[in-house]
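Undergrad: Pasting a structure here, questions to come.
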Number of protein chains: 2
Amino acid sequence: MPELDLTVSSADLTRVICDIPSVSDDETTLADAIHAAVSLLPHLDVVRDGDTIVARTNLGRAQRVVIAGHIDTVPINDNLPTRDVVENGEDLIWGRGTVDMKAGVAVQLKLAAELADPRVDITWMWYDHEEVSSDENGLGRLAENHPDLFAGDFAILGEPSNGQVEGGCNGTLRAVVRTHGRRSHSARAWIGDNAIHRAAPILQRLADHIPPEVEVEGLVYREGLNAVRISGGVAGNVIPDLCEVEVNYRFAPSRSTDDAVAIVREVFAGFEVEIVDIAGGARPGLDAPLAREFVAAVGAEPRPKYGWTDVARFSALGVPAVNYGPGDPLLAHHDEERVPVAQIDAVEKGLRAWLSGS
Amino acid sequence: MPELDLTVSSADLTRVICDIPSVSDDETTLADAIHAAVSLLPHLDVVRDGDTIVARTNLGRAQRVVIAGHIDTVPINDNLPTRDVVENGEDLIWGRGTVDMKAGVAVQLKLAAELADPRVDITWMWYDHEEVSSDENGLGRLAENHPDLFAGDFAILGEPSNGQVEGGCNGTLRAVVRTHGRRSHSARAWIGDNAIHRAAPILQRLADHIPPEVEVEGLVYREGLNAVRISGGVAGNVIPDLCEVEVNYRFAPSRSTDDAVAIVREVFAGFEVEIVDIAGGARPGLDAPLAREFVAAVGAEPRPKYGWTDVARFSALGVPAVNYGPGDPLLAHHDEERVPVAQIDAVEKGLRAWLSGS
């Protein structure tokens with residue numbers, strides 16, 4: 001098992017943990033290493049659940065902050081081991097996981113080891129299976145097995161946000177919109193009824209749709225309604241009797257899931273609509289006192305998070321949560337994933353300043 | 001090897017040859033039986049090419065007629081052996097191949113045996129691999145190996161036409177019409193460009209298209225332009241960068257293949273269009289003297305054939321050709337395929353009357 005030295009710089013620790021591959025379903029080596037390293041720290045109580053490691057201070061502080069990061073990555077594509085690269089005079093670490101999100105995890109591990117006497121109690125969580133289907137998510141499993149560990153006044157997820165504070169997240173809904181027709185031989189098309197032709201208004205409504213921007217607690221969330229799949233057809237000489245358009249609606253966190261369903265049904269009025277997947281968004285929660293203090297301490301202008309992240313899990317449990325981590329979210333999952341060293345350092349400094357009260 | 005008695009009624013012969021399964025690629029047993037039976041007839045010269053059998057009279061007549069039928073069927077689906085059924089007081093033979101086109105072949109075999117002294121020379125052709133891709137077609141192979149056998153003044157294909165004379169056939173073209181876009185995460189759709197949304201005008205133009213009816217040599221051909229397949233999409237959270245609509249254009253035999261391509265490109269102007277398959281139609285050829293005599297003799301009002309058939313192969317070789325056979329083409333390939341006995345008898349009588357000049 002590789003040993004982790006948590007006293008090196010966050011950048012060095014980023015390189016080390018990126019070079020321990022941990023694609024979803026294969027996190028155990030890294031989880032073992034983290035478990036061993038934090039178990040040596042006398043100021044932390046450690047709990048393990050599968051490949052999720054939870055490490056807590058229990059100093060009797062008035063408030064508790066949960067700080068979490070997932071340790072799995074999407075599949076490697078010739079982008080490990082990590083390399084140091086320079087772009088426009090800026091030092092970066094290149095390779096799978098650097099952005100999503102081992103740089104964030106490295107900062108958390110370093111501060112977990114260093115901050116033996118923070119001004120709030122801290123619950124650190126490093127979890128598995130974030131990059132796969134929602135029902136495998138380690139944080140979801142932990143919430144079922146150990147709901148007590150989620151107690152807290154505020155939560156910070158280290159997802160890449162360019163070192164800015166991103167509040168809440170949009171919800172997401174997937175639906176299949178269907179047209180039906182009647183098969184016939186295409187040499188006698190007038191005997192049939194073409195389901196693909198009938199789908200023209202579905203695509204036109206999508207093309208015409210202007211997604212609104214919705215302000216929630218001072219942040220502006222941009223919505224989106226998009227076809228993500230279309231299929232239809234039987235054979236090259238048959239008039240098709242079915243066409244399916246799968247749409248993905250990303251909706252502002254001020255809307256309930258019921259509202260989101262109603263909006264999609266209204267847009268596609270007259271068509272068969274089947275909701276196949278839905279997850280509510282998360283309000284930014286920036287009006288919580290600890291959140292306000294945190295934003296002021298790290299000196300960032302809060303922004304909305306568009307993608308759905310696990311902050312929604314904390315939000316659903318009543319814990320205000322934000323994303324705060326190094327790395328450009330647009331480079332997440334990218335084969336040229338790379339993170340600026342300066343952002344790693346800035347996030348480390350921001351978190352340390354706020355947590356230590358210095 | 002089953003022995004064929006060509007002196008029984010055409011209906012009985014239909015039952016016998018339907019009950020010798022001959023799905024495409026598996027025609028040899030039936031081809032052997034036909035080959036053996038016609039080889040016993042002293043008035044016929046027989047040539048075999050693979051599972052295609054050609055049998056000719058060589059009586060020195062002024063004119064020669066080619067009469068052809070394919071011996072393969074689409075796959076059996078619990079619809080063999082044949083059964084006698086009665087519907088609305090009408091006797092039918094039910095089962096795979098009854099319509100497409102062993103009733104027609106049975107009539108041809110019976111008349112080939114019987115007509116030792118016809119008023120025109122006759123070239124009978126029973127061929128393999130019609131129900132599969134065009135490049136496997138036995139008639140196509142025969143035209144390459146023995147082009148001389150196609151010499152003739154007129155051709156009759158026994159494809160099901162409800163005992164009516166169907167002239168020529170529409171051409172058929174398949175094209176893929178494409179839109180391109182740019183991928184992005186669907187949480188940030190505005191960074192991408194949705195190729196499926198861009199396909200809306202393609203479907204709208206198809207829905208709005210009114211296929212013309214085109215008169216060719218007195219017959220009215222109804223055209224058709226239809227989507228037969230649509231596909232697009234990468235994953236449930238990705239803005240798709242490609243959408244493909246496969247269209248099938250059935251065009252009147254007065255149009256050249258170049259004309260057909262130009263029409264499709266014009267309908268989809270502004271989009272990428274790739275022609276993937278094209279086969280020209282066949283003019284009805286009903287102004288040929290033998291064709292006029294034939295139509296008068298069988299007493300039928302000629303109709304246009306919409307589906308592409310092998311008459312187009314004769315047409316391409318300069319031999320006017322029509323379809324004339326028992327069975328409803330709408331029941332071809334149908335699992336409840338069935339042919340009225342009265343239609344078999346009527347086609348037998350019509351062909352006999354004209355060929356024997358009685």
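Following the order of the structure tokens, first chain is A, next is B, and so on, with residues numbered from 1 inside each chain and ligands from 1 in the order they appear.
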Write out as a ChimeraX atom specification every residue belonging to chain A that has an atom at most 9 Å from any atom of chain B, counting only C-alpha atoms.
TA: /A:170,172,174,185-190,194-208,222-240,243,246-250,306-308,330
Undergrad: Could you save those same residues with C-alpha atoms as a CSV table (one decimal), in the first residue's frame?
TA:
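result.csv was written with the following content:
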```csv
chain,number,residue,atom,x,y,z
A,170,ASN,CA,-29.7,23.3,-10.8
A,172,THR,CA,-32.1,17.8,-13.6
A,174,ARG,CA,-34.9,13.5,-18.1
A,185,HIS,CA,-44.0,-0.4,-46.8
A,186,SER,CA,-42.3,2.8,-47.8
A,187,ALA,CA,-43.3,2.1,-51.4
A,188,ARG,CA,-46.9,2.8,-50.2
A,189,ALA,CA,-46.2,5.4,-47.6
A,190,TRP,CA,-49.8,6.8,-47.7
A,194,ASN,CA,-44.8,8.5,-40.3
A,195,ALA,CA,-43.9,8.9,-36.6
A,196,ILE,CA,-40.6,10.6,-37.3
A,197,HIS,CA,-42.4,13.3,-39.4
A,198,ARG,CA,-44.8,13.8,-36.5
A,199,ALA,CA,-41.8,14.7,-34.2
A,200,ALA,CA,-41.0,17.9,-36.2
A,201,PRO,CA,-42.9,20.1,-33.6
A,202,ILE,CA,-41.0,18.5,-30.7
A,203,LEU,CA,-37.7,19.6,-32.3
A,204,GLN,CA,-39.0,23.0,-33.3
A,205,ARG,CA,-40.2,23.7,-29.7
A,206,LEU,CA,-36.8,22.7,-28.4
A,207,ALA,CA,-35.1,24.9,-31.0
A,208,ASP,CA,-37.4,27.9,-30.2
A,222,ARG,CA,-29.3,29.6,-16.2
A,223,GLU,CA,-31.6,26.8,-17.2
A,224,GLY,CA,-31.5,24.5,-20.2
A,225,LEU,CA,-33.9,22.3,-22.1
A,226,ASN,CA,-32.2,20.0,-24.6
A,227,ALA,CA,-32.7,16.9,-26.7
A,228,VAL,CA,-30.0,14.5,-25.7
A,229,ARG,CA,-31.1,11.5,-27.8
A,230,ILE,CA,-33.4,10.8,-30.7
A,231,SER,CA,-34.3,7.5,-32.2
A,232,GLY,CA,-36.8,6.0,-34.6
A,233,GLY,CA,-37.0,3.7,-37.6
A,234,VAL,CA,-37.6,0.0,-38.4
A,235,ALA,CA,-35.9,-0.7,-41.7
A,236,GLY,CA,-34.9,1.2,-44.9
A,237,ASN,CA,-38.2,0.4,-46.6
A,238,VAL,CA,-40.6,0.7,-43.7
A,239,ILE,CA,-42.6,3.8,-42.5
A,240,PRO,CA,-41.7,4.1,-38.8
A,243,CYS,CA,-40.1,8.2,-32.6
A,246,GLU,CA,-35.1,12.1,-24.8
A,247,VAL,CA,-34.9,15.6,-23.3
A,248,ASN,CA,-32.9,16.9,-20.4
A,249,TYR,CA,-34.2,19.8,-18.4
A,250,ARG,CA,-31.8,21.6,-16.1
A,306,TYR,CA,-25.1,24.9,-13.0
A,307,GLY,CA,-24.3,21.2,-12.9
A,308,TRP,CA,-25.9,19.0,-10.4
A,330,LEU,CA,-15.1,22.9,-18.0
```
Undergrad: Would you list, as an MDAnalysis selection string, the residues of stretch 304-354 of chain A that end up in strand (DSSP E or B) under DSSP run on this structure's backbone?
TA: chainID A and resid 304 321:324 338:340
Undergrad: Rank B:Ala62, B:Ala321, B:Ala260, B:Leu80 by their smallest atom-to-atom distance to B:Glu166, using only C-alpha atoms, and report the top residue only.
TA: B:Ala321
Undergrad: Neighbours of B:Ala155 within 8 Å (only C-alpha atoms; same-chain residues fewer than 2 positions away dropped), as a list of chain:residue names?
TA: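 Here the answer would be B:Val65, B:Val66, B:Ile67, B:Ala68, B:Gly152, B:Asp153, B:Leu157, B:Val311, B:Phe314, B:Val319, B:Pro320, B:Ala321, B:Val322.
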Undergrad: Excluding A:Arg141 and its own-chain neighbours fewer than 5 positions away, which residues fall within 12 Å of it when counting only C-alpha atoms? Please give them as an NGL selection string.
TA: :A and (48-52 or 127-130 or 134-136 or 146-147 or 149-150 or 313)
Undergrad: Since we have the selection now, will you write its residues out, keeping N, CA and C atoms, as a PDB file, in the first residue's frame?
TA:
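Below you can see out.pdb, which holds the result:
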```
ATOM      1  N   ARG A  48     -14.866   4.278   8.820  1.00  0.00           N
ATOM      2  CA  ARG A  48     -14.795   3.866   7.412  1.00  0.00           C
ATOM      3  C   ARG A  48     -16.079   3.148   7.029  1.00  0.00           C
ATOM      4  N   ASP A  49     -16.610   3.459   5.852  1.00  0.00           N
ATOM      5  CA  ASP A  49     -17.789   2.766   5.325  1.00  0.00           C
ATOM      6  C   ASP A  49     -17.469   2.414   3.877  1.00  0.00           C
ATOM      7  N   GLY A  50     -17.150   1.155   3.630  1.00  0.00           N
ATOM      8  CA  GLY A  50     -16.712   0.783   2.279  1.00  0.00           C
ATOM      9  C   GLY A  50     -15.443   1.552   1.965  1.00  0.00           C
ATOM     10  N   ASP A  51     -15.412   2.240   0.855  1.00  0.00           N
ATOM     11  CA  ASP A  51     -14.237   3.038   0.502  1.00  0.00           C
ATOM     12  C   ASP A  51     -14.427   4.518   0.810  1.00  0.00           C
ATOM     13  N   THR A  52     -15.363   4.787   1.712  1.00  0.00           N
ATOM     14  CA  THR A  52     -15.545   6.162   2.187  1.00  0.00           C
ATOM     15  C   THR A  52     -14.914   6.291   3.575  1.00  0.00           C
ATOM     16  N   TYR A 127     -15.077  10.253  -0.278  1.00  0.00           N
ATOM     17  CA  TYR A 127     -16.035   9.196  -0.629  1.00  0.00           C
ATOM     18  C   TYR A 127     -15.837   8.644  -2.044  1.00  0.00           C
ATOM     19  N   ASP A 128     -16.437   7.488  -2.256  1.00  0.00           N
ATOM     20  CA  ASP A 128     -16.273   6.706  -3.491  1.00  0.00           C
ATOM     21  C   ASP A 128     -17.503   6.865  -4.400  1.00  0.00           C
ATOM     22  N   HIS A 129     -17.331   6.430  -5.639  1.00  0.00           N
ATOM     23  CA  HIS A 129     -18.463   6.251  -6.574  1.00  0.00           C
ATOM     24  C   HIS A 129     -19.289   7.510  -6.809  1.00  0.00           C
ATOM     25  N   GLU A 130     -18.601   8.623  -7.064  1.00  0.00           N
ATOM     26  CA  GLU A 130     -19.357   9.834  -7.417  1.00  0.00           C
ATOM     27  C   GLU A 130     -19.569   9.906  -8.920  1.00  0.00           C
ATOM     28  N   SER A 134     -26.153   7.523  -9.751  1.00  0.00           N
ATOM     29  CA  SER A 134     -26.483   8.141  -8.474  1.00  0.00           C
ATOM     30  C   SER A 134     -26.711   7.116  -7.353  1.00  0.00           C
ATOM     31  N   ASP A 135     -27.252   5.951  -7.694  1.00  0.00           N
ATOM     32  CA  ASP A 135     -27.575   4.990  -6.630  1.00  0.00           C
ATOM     33  C   ASP A 135     -26.339   4.267  -6.093  1.00  0.00           C
ATOM     34  N   GLU A 136     -25.181   4.457  -6.735  1.00  0.00           N
ATOM     35  CA  GLU A 136     -23.941   3.855  -6.221  1.00  0.00           C
ATOM     36  C   GLU A 136     -23.135   4.836  -5.372  1.00  0.00           C
ATOM     37  N   HIS A 146     -24.972   5.961   8.086  1.00  0.00           N
ATOM     38  CA  HIS A 146     -24.536   6.795   9.222  1.00  0.00           C
ATOM     39  C   HIS A 146     -25.110   8.200   9.100  1.00  0.00           C
ATOM     40  N   PRO A 147     -26.423   8.356   9.174  1.00  0.00           N
ATOM     41  CA  PRO A 147     -27.000   9.702   8.979  1.00  0.00           C
ATOM     42  C   PRO A 147     -26.456  10.706   9.993  1.00  0.00           C
ATOM     43  N   LEU A 149     -23.517  11.241  10.892  1.00  0.00           N
ATOM     44  CA  LEU A 149     -22.264  11.881  10.471  1.00  0.00           C
ATOM     45  C   LEU A 149     -22.515  13.138   9.638  1.00  0.00           C
ATOM     46  N   PHE A 150     -23.764  13.317   9.190  1.00  0.00           N
ATOM     47  CA  PHE A 150     -24.067  14.476   8.350  1.00  0.00           C
ATOM     48  C   PHE A 150     -24.476  15.706   9.168  1.00  0.00           C
ATOM     49  N   ARG A 313     -27.349  16.794  -1.964  1.00  0.00           N
ATOM     50  CA  ARG A 313     -27.598  15.811  -0.893  1.00  0.00           C
ATOM     51  C   ARG A 313     -27.592  16.489   0.478  1.00  0.00           C
TER      52      ARG A 313
END
```
Undergrad: If you measure from atom CA of A:Leu4 to atom CA of A:Leu331, what distance in Å do you get, rounded to one decimal?
TA: 26.3 Å
Undergrad: What does the distance between atom CA of A:Val264 and atom CA of A:Gly285 come to in Å, to one decimal place?
TA: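 Between these atoms lies a distance of 26.3 Å.
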Undergrad: Check the DSSP output for the backbone and give back, as a ChimeraX atom specification, the residues of stretch 34-126 of chain B in alpha helix (DSSP H).
TA: /B:34-39,103-114
